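Note sheet for the following structure.
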Amino acid sequence: MTNAPRSRRVVVLASGTGSTLRAVIEAARDEAFGVRIVGVVTDKDGVGALAIAREAGIPTAVVRLADFESRALWDEAVARTVATFDPDLVLLAGFMRLLGEPSLARFGGRILNTHPALLPAYPGARGVRDALAGGAKVTGCTVILVDAGVDTGPIVAQATVEVLDDDTESTLHARIKEVERGLVTRTLGRMAREGWTVTGRTVRFGTAALTPDTPPPAPQEQS
Ligand code: GRF
C-alpha cells in the first residue's frame with residue numbers, strides 16, 4: 001500500500017500541434033506526478049494534438065464550431081463534452097478559442113491556460129508577434145487561471161525568454177515553447193499535488209484543497 005495522493009483527473013483542450021500536450025502526457029506517465037489525462041478535446045479534426053492523444057490511448061472528442069448553429073450552442077457543447085470526463089482540472093494547451101460561460105460556470109477556478117508572453121503584456125492570439133513588434137527584449141510564457149477575459153486571469157507561473165536581434169516570430173515562438181512545456185508541466189503537477197489558493201490576484205501553491213476558494217482547515221484546538 002502506498003500513501004500516494006490520488007491522481008487528479010485532467011482534461012486537455014488543444015487546437016494545434018500538441019507539443020505541450022505531449023510534454024504533459026510524458027510527465028503523467030509517472031504516477032508520482034499526480035495527474036491522469038482523462039480526455040483530450042479539440043475544436044478541429046486532423047490536428048497534431050488529436051494524433052498524440054490517440055497514440056497515447058487517451059479518449060478524445062472533437063467539437064467543431066461549424067457543426068453548431070451558434071457560438072452559444074458550441075460553448076454549451078464544449079462544456080458538456082469536457083464534463084463527460086469529470087475533470088478536477090482543465091488545461092488549455094494551445095486551445096485557440098475563448099472558453100464560454102458554460103465552461104466557466106462548471107469549471108471556473110480550475111481551468112489553466114498557457115500564453116506565450118509575459119502577461120499582462122501582449123495578451124491575445126498574437127502574443128509572440130506583438131512582443132516582437134513592441135520591441136520587447138525579454139518575453140516568455142505565463143500560466144494563468146482562466147477568467148472571462150482574454151488572458152486576464154490570475155497568474156500562476158511565469159518564465160522568461162530573451163528576445164534575440166535576429167528573431168522572427170517563428171524562432172522566438174519555438175524558444176518560448178521549449179520553456180513553456182516545462183513551465184506548464186511543472187505548474188500542472190504542483191497544482192494537482194499541492195492544490196492552491198487565490199488571494200486577490202495572487203495565486204499560491206500549497207493547500208490540500210484543490211478548489212481555490214475552499215477555506216483552509218480550521219486550526220486544531222489546543223487542550
Ligand atoms: C503555445 O505557445 C501556446 O501558448 C500557444 O500555442 C502554443 C501551443 O503549441 N497558445 P502546441 O500546439 O502545444 O505545440
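Every chain in the C-alpha cells has a letter given in the order shown (A, B, ...), and although residue numbers restart at 1 in each chain, ligands are simply numbered from 1 in the order shown.
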How would you report the residues lying within 6 Å of ligand 1, as an mmCIF file with all heavy atoms, in the first residue's frame, if you count only C-alpha atoms and all ligand atoms?
```cif
data_model
loop_
_atom_site.group_PDB
_atom_site.id
_atom_site.type_symbol
_atom_site.label_atom_id
_atom_site.label_comp_id
_atom_site.auth_asym_id
_atom_site.auth_seq_id
_atom_site.Cartn_x
_atom_site.Cartn_y
_atom_site.Cartn_z
ATOM 1 N N GLY A 16 -3.716 22.713 -31.717
ATOM 2 C CA GLY A 16 -2.535 22.808 -32.574
ATOM 3 C C GLY A 16 -1.721 21.539 -32.667
ATOM 4 O O GLY A 16 -2.258 20.426 -32.663
ATOM 5 N N THR A 17 -0.405 21.735 -32.722
ATOM 6 C CA THR A 17 0.487 20.596 -32.947
ATOM 7 C C THR A 17 0.541 19.676 -31.734
ATOM 8 O O THR A 17 0.916 18.519 -31.856
ATOM 9 C CB THR A 17 1.917 21.077 -33.251
ATOM 10 O OG1 THR A 17 2.385 21.824 -32.121
ATOM 11 C CG2 THR A 17 1.963 21.953 -34.482
ATOM 12 N N GLY A 18 0.239 20.207 -30.567
ATOM 13 C CA GLY A 18 0.136 19.351 -29.389
ATOM 14 C C GLY A 18 1.450 19.082 -28.673
ATOM 15 O O GLY A 18 1.535 18.151 -27.864
ATOM 16 N N SER A 19 2.460 19.911 -28.901
ATOM 17 C CA SER A 19 3.736 19.634 -28.212
ATOM 18 C C SER A 19 3.597 19.839 -26.704
ATOM 19 O O SER A 19 4.233 19.124 -25.921
ATOM 20 C CB SER A 19 4.879 20.478 -28.789
ATOM 21 O OG SER A 19 4.673 21.838 -28.502
ATOM 22 N N THR A 20 2.764 20.759 -26.288
ATOM 23 C CA THR A 20 2.537 20.963 -24.854
ATOM 24 C C THR A 20 1.799 19.758 -24.277
ATOM 25 O O THR A 20 2.158 19.240 -23.216
ATOM 26 C CB THR A 20 1.707 22.248 -24.628
ATOM 27 O OG1 THR A 20 2.201 23.279 -25.483
ATOM 28 C CG2 THR A 20 1.769 22.703 -23.185
ATOM 29 N N LEU A 21 0.784 19.314 -25.000
ATOM 30 C CA LEU A 21 0.045 18.119 -24.580
ATOM 31 C C LEU A 21 0.999 16.941 -24.435
ATOM 32 O O LEU A 21 0.961 16.201 -23.454
ATOM 33 C CB LEU A 21 -1.034 17.804 -25.621
ATOM 34 C CG LEU A 21 -1.717 16.440 -25.478
ATOM 35 C CD1 LEU A 21 -2.547 16.384 -24.197
ATOM 36 C CD2 LEU A 21 -2.591 16.145 -26.693
ATOM 37 N N ALA A 93 -4.145 23.946 -23.660
ATOM 38 C CA ALA A 93 -2.753 23.856 -24.120
ATOM 39 C C ALA A 93 -2.717 24.189 -25.606
ATOM 40 O O ALA A 93 -2.735 23.302 -26.456
ATOM 41 C CB ALA A 93 -2.207 22.447 -23.865
ATOM 42 N N GLY A 94 -2.758 25.503 -25.891
ATOM 43 C CA GLY A 94 -2.806 25.910 -27.287
ATOM 44 C C GLY A 94 -4.206 25.743 -27.850
ATOM 45 O O GLY A 94 -4.385 25.383 -29.011
ATOM 46 N N THR A 114 -2.175 28.455 -20.941
ATOM 47 C CA THR A 114 -0.802 28.891 -21.121
ATOM 48 C C THR A 114 -0.739 29.870 -22.280
ATOM 49 O O THR A 114 -1.397 29.690 -23.301
ATOM 50 C CB THR A 114 0.152 27.703 -21.358
ATOM 51 O OG1 THR A 114 1.455 28.214 -21.615
ATOM 52 C CG2 THR A 114 -0.289 26.819 -22.511
ATOM 53 N N HIS A 115 0.064 30.925 -22.087
ATOM 54 C CA HIS A 115 0.117 32.002 -23.073
ATOM 55 C C HIS A 115 1.588 32.317 -23.385
ATOM 56 O O HIS A 115 2.392 32.443 -22.457
ATOM 57 C CB HIS A 115 -0.586 33.246 -22.501
ATOM 58 C CG HIS A 115 -0.550 34.399 -23.439
ATOM 59 N ND1 HIS A 115 -1.324 34.450 -24.573
ATOM 60 C CD2 HIS A 115 0.201 35.528 -23.429
ATOM 61 C CE1 HIS A 115 -1.062 35.571 -25.221
ATOM 62 N NE2 HIS A 115 -0.149 36.246 -24.556
ATOM 63 N N PRO A 116 1.934 32.487 -24.653
ATOM 64 C CA PRO A 116 3.344 32.670 -24.993
ATOM 65 C C PRO A 116 3.827 34.123 -24.893
ATOM 66 O O PRO A 116 4.412 34.666 -25.833
ATOM 67 C CB PRO A 116 3.418 32.147 -26.435
ATOM 68 C CG PRO A 116 2.084 32.475 -26.998
ATOM 69 C CD PRO A 116 1.095 32.349 -25.868
ATOM 70 N N LYS A 177 8.249 28.060 -26.665
ATOM 71 C CA LYS A 177 7.544 26.791 -26.460
ATOM 72 C C LYS A 177 8.382 25.776 -25.697
ATOM 73 O O LYS A 177 7.855 24.996 -24.907
ATOM 74 C CB LYS A 177 7.061 26.226 -27.794
ATOM 75 C CG LYS A 177 5.773 26.896 -28.259
ATOM 76 C CD LYS A 177 5.325 26.469 -29.631
ATOM 77 C CE LYS A 177 4.989 25.004 -29.704
ATOM 78 N NZ LYS A 177 4.261 24.654 -30.940
#
```
With a distance cut-off of 7 Å and only C-alpha atoms, select the neighbouring residues of Leu89 of chain A, excluding the residue or stretch itself and same-chain residues fewer than 2 positions from it, and output the selection as JSON, numbers by chain.
-> {"A": [9, 10, 11, 87, 91, 110, 111]}
Next, dump the selected residues to file, keeping only all heavy atoms, as a compact mmCIF listing (two decimals), in the first residue's frame.
```
# COMPACT_ATOMS: atom_id res chain seq x y z
N ARG A 9 -7.75 14.22 -12.10
CA ARG A 9 -8.21 13.99 -13.47
C ARG A 9 -8.10 15.30 -14.25
O ARG A 9 -8.64 16.32 -13.83
CB ARG A 9 -9.68 13.53 -13.45
CG ARG A 9 -9.90 12.23 -12.69
CD ARG A 9 -11.38 11.94 -12.54
NE ARG A 9 -12.04 11.75 -13.82
CZ ARG A 9 -12.08 10.61 -14.48
NH1 ARG A 9 -11.50 9.54 -13.98
NH2 ARG A 9 -12.70 10.53 -15.65
N VAL A 10 -7.38 15.25 -15.35
CA VAL A 10 -7.15 16.46 -16.14
C VAL A 10 -7.65 16.24 -17.57
O VAL A 10 -7.34 15.23 -18.20
CB VAL A 10 -5.65 16.84 -16.17
CG1 VAL A 10 -5.39 18.03 -17.09
CG2 VAL A 10 -5.16 17.15 -14.75
N VAL A 11 -8.43 17.20 -18.06
CA VAL A 11 -8.82 17.22 -19.47
C VAL A 11 -8.03 18.32 -20.15
O VAL A 11 -7.92 19.44 -19.62
CB VAL A 11 -10.34 17.48 -19.64
CG1 VAL A 11 -10.68 17.76 -21.09
CG2 VAL A 11 -11.12 16.28 -19.14
N PRO A 87 -13.52 16.11 -14.99
CA PRO A 87 -12.16 16.54 -14.62
C PRO A 87 -12.09 17.27 -13.28
O PRO A 87 -13.04 17.92 -12.87
CB PRO A 87 -11.81 17.53 -15.74
CG PRO A 87 -13.12 18.11 -16.15
CD PRO A 87 -14.14 17.01 -15.98
N LEU A 91 -6.98 21.91 -18.68
CA LEU A 91 -5.79 22.62 -19.17
C LEU A 91 -6.01 23.02 -20.63
O LEU A 91 -6.27 22.17 -21.48
CB LEU A 91 -4.55 21.72 -19.08
CG LEU A 91 -3.29 22.24 -19.76
CD1 LEU A 91 -2.76 23.50 -19.08
CD2 LEU A 91 -2.20 21.15 -19.79
N ARG A 110 -10.65 26.35 -11.93
CA ARG A 110 -9.76 25.19 -12.09
C ARG A 110 -9.47 24.94 -13.56
O ARG A 110 -9.25 23.82 -14.00
CB ARG A 110 -10.31 23.97 -11.36
CG ARG A 110 -11.73 23.67 -11.63
CD ARG A 110 -12.31 22.75 -10.55
NE ARG A 110 -13.72 22.53 -10.75
CZ ARG A 110 -14.23 21.42 -11.28
NH1 ARG A 110 -13.46 20.43 -11.62
NH2 ARG A 110 -15.53 21.31 -11.44
N ILE A 111 -9.50 26.05 -14.34
CA ILE A 111 -9.10 25.99 -15.75
C ILE A 111 -7.78 26.75 -15.89
O ILE A 111 -7.68 27.92 -15.52
CB ILE A 111 -10.13 26.66 -16.68
CG1 ILE A 111 -11.53 26.09 -16.44
CG2 ILE A 111 -9.71 26.52 -18.13
CD1 ILE A 111 -12.63 26.85 -17.17
```
Using only C-alpha atoms, determine which residues lie at most 7 Å from Ile155 of chain A, disregarding the query and same-chain residues fewer than 2 positions distant; provide the list as a PyMOL selection string.
-> chain A and resi 142-145+153+157+203
Name all residues at most 6 Å from segment 60-76 of chain A (count only C-alpha atoms; drop same-chain ones fewer than 5 positions away) and give them as a PyMOL selection string.
-> chain A and resi 39-44+100+102
List every residue of segment 7-96 of chain A that DSSP, applied to the backbone, labels as helix (DSSP H, G or I), and write the result as a ChimeraX atom specification.
-> /A:19-28,31-33,48-55,65-67,71-84
Where in segment 49-197 of chain A does DSSP assign strand (DSSP E or B), given as a PyMOL selection string?
-> chain A and resi 60-62+89-92+111-115+138-145+155-162+196-197
Show which residues sit within 8 Å of Leu132 of chain A, as number ranges by chain. Count only C-alpha atoms, and ignore same-chain residues fewer than 5 positions away.
-> A: 163, 168-169
Would you mind exporting all heavy atoms of the selected residues as a PDB file, in the first residue's frame?
```
ATOM      1  N   VAL A 163      14.710  37.923 -26.071  1.00  0.00           N
ATOM      2  CA  VAL A 163      14.449  38.162 -27.493  1.00  0.00           C
ATOM      3  C   VAL A 163      15.788  38.489 -28.154  1.00  0.00           C
ATOM      4  O   VAL A 163      16.531  39.362 -27.677  1.00  0.00           O
ATOM      5  CB  VAL A 163      13.470  39.347 -27.687  1.00  0.00           C
ATOM      6  CG1 VAL A 163      13.198  39.577 -29.179  1.00  0.00           C
ATOM      7  CG2 VAL A 163      12.165  39.098 -26.925  1.00  0.00           C
ATOM      8  N   THR A 168      12.721  35.902 -35.525  1.00  0.00           N
ATOM      9  CA  THR A 168      11.460  36.055 -36.239  1.00  0.00           C
ATOM     10  C   THR A 168      10.378  35.520 -35.302  1.00  0.00           C
ATOM     11  O   THR A 168      10.704  34.902 -34.277  1.00  0.00           O
ATOM     12  CB  THR A 168      11.433  35.203 -37.526  1.00  0.00           C
ATOM     13  OG1 THR A 168      11.569  33.827 -37.124  1.00  0.00           O
ATOM     14  CG2 THR A 168      12.563  35.600 -38.467  1.00  0.00           C
ATOM     15  N   GLU A 169       9.118  35.694 -35.696  1.00  0.00           N
ATOM     16  CA  GLU A 169       8.050  35.176 -34.845  1.00  0.00           C
ATOM     17  C   GLU A 169       8.244  33.677 -34.615  1.00  0.00           C
ATOM     18  O   GLU A 169       8.079  33.174 -33.497  1.00  0.00           O
ATOM     19  CB  GLU A 169       6.699  35.449 -35.511  1.00  0.00           C
ATOM     20  CG  GLU A 169       5.537  35.004 -34.647  1.00  0.00           C
ATOM     21  CD  GLU A 169       4.185  35.244 -35.306  1.00  0.00           C
ATOM     22  OE1 GLU A 169       4.131  35.859 -36.409  1.00  0.00           O
ATOM     23  OE2 GLU A 169       3.179  34.815 -34.720  1.00  0.00           O
TER      24      GLU A 169
END
```
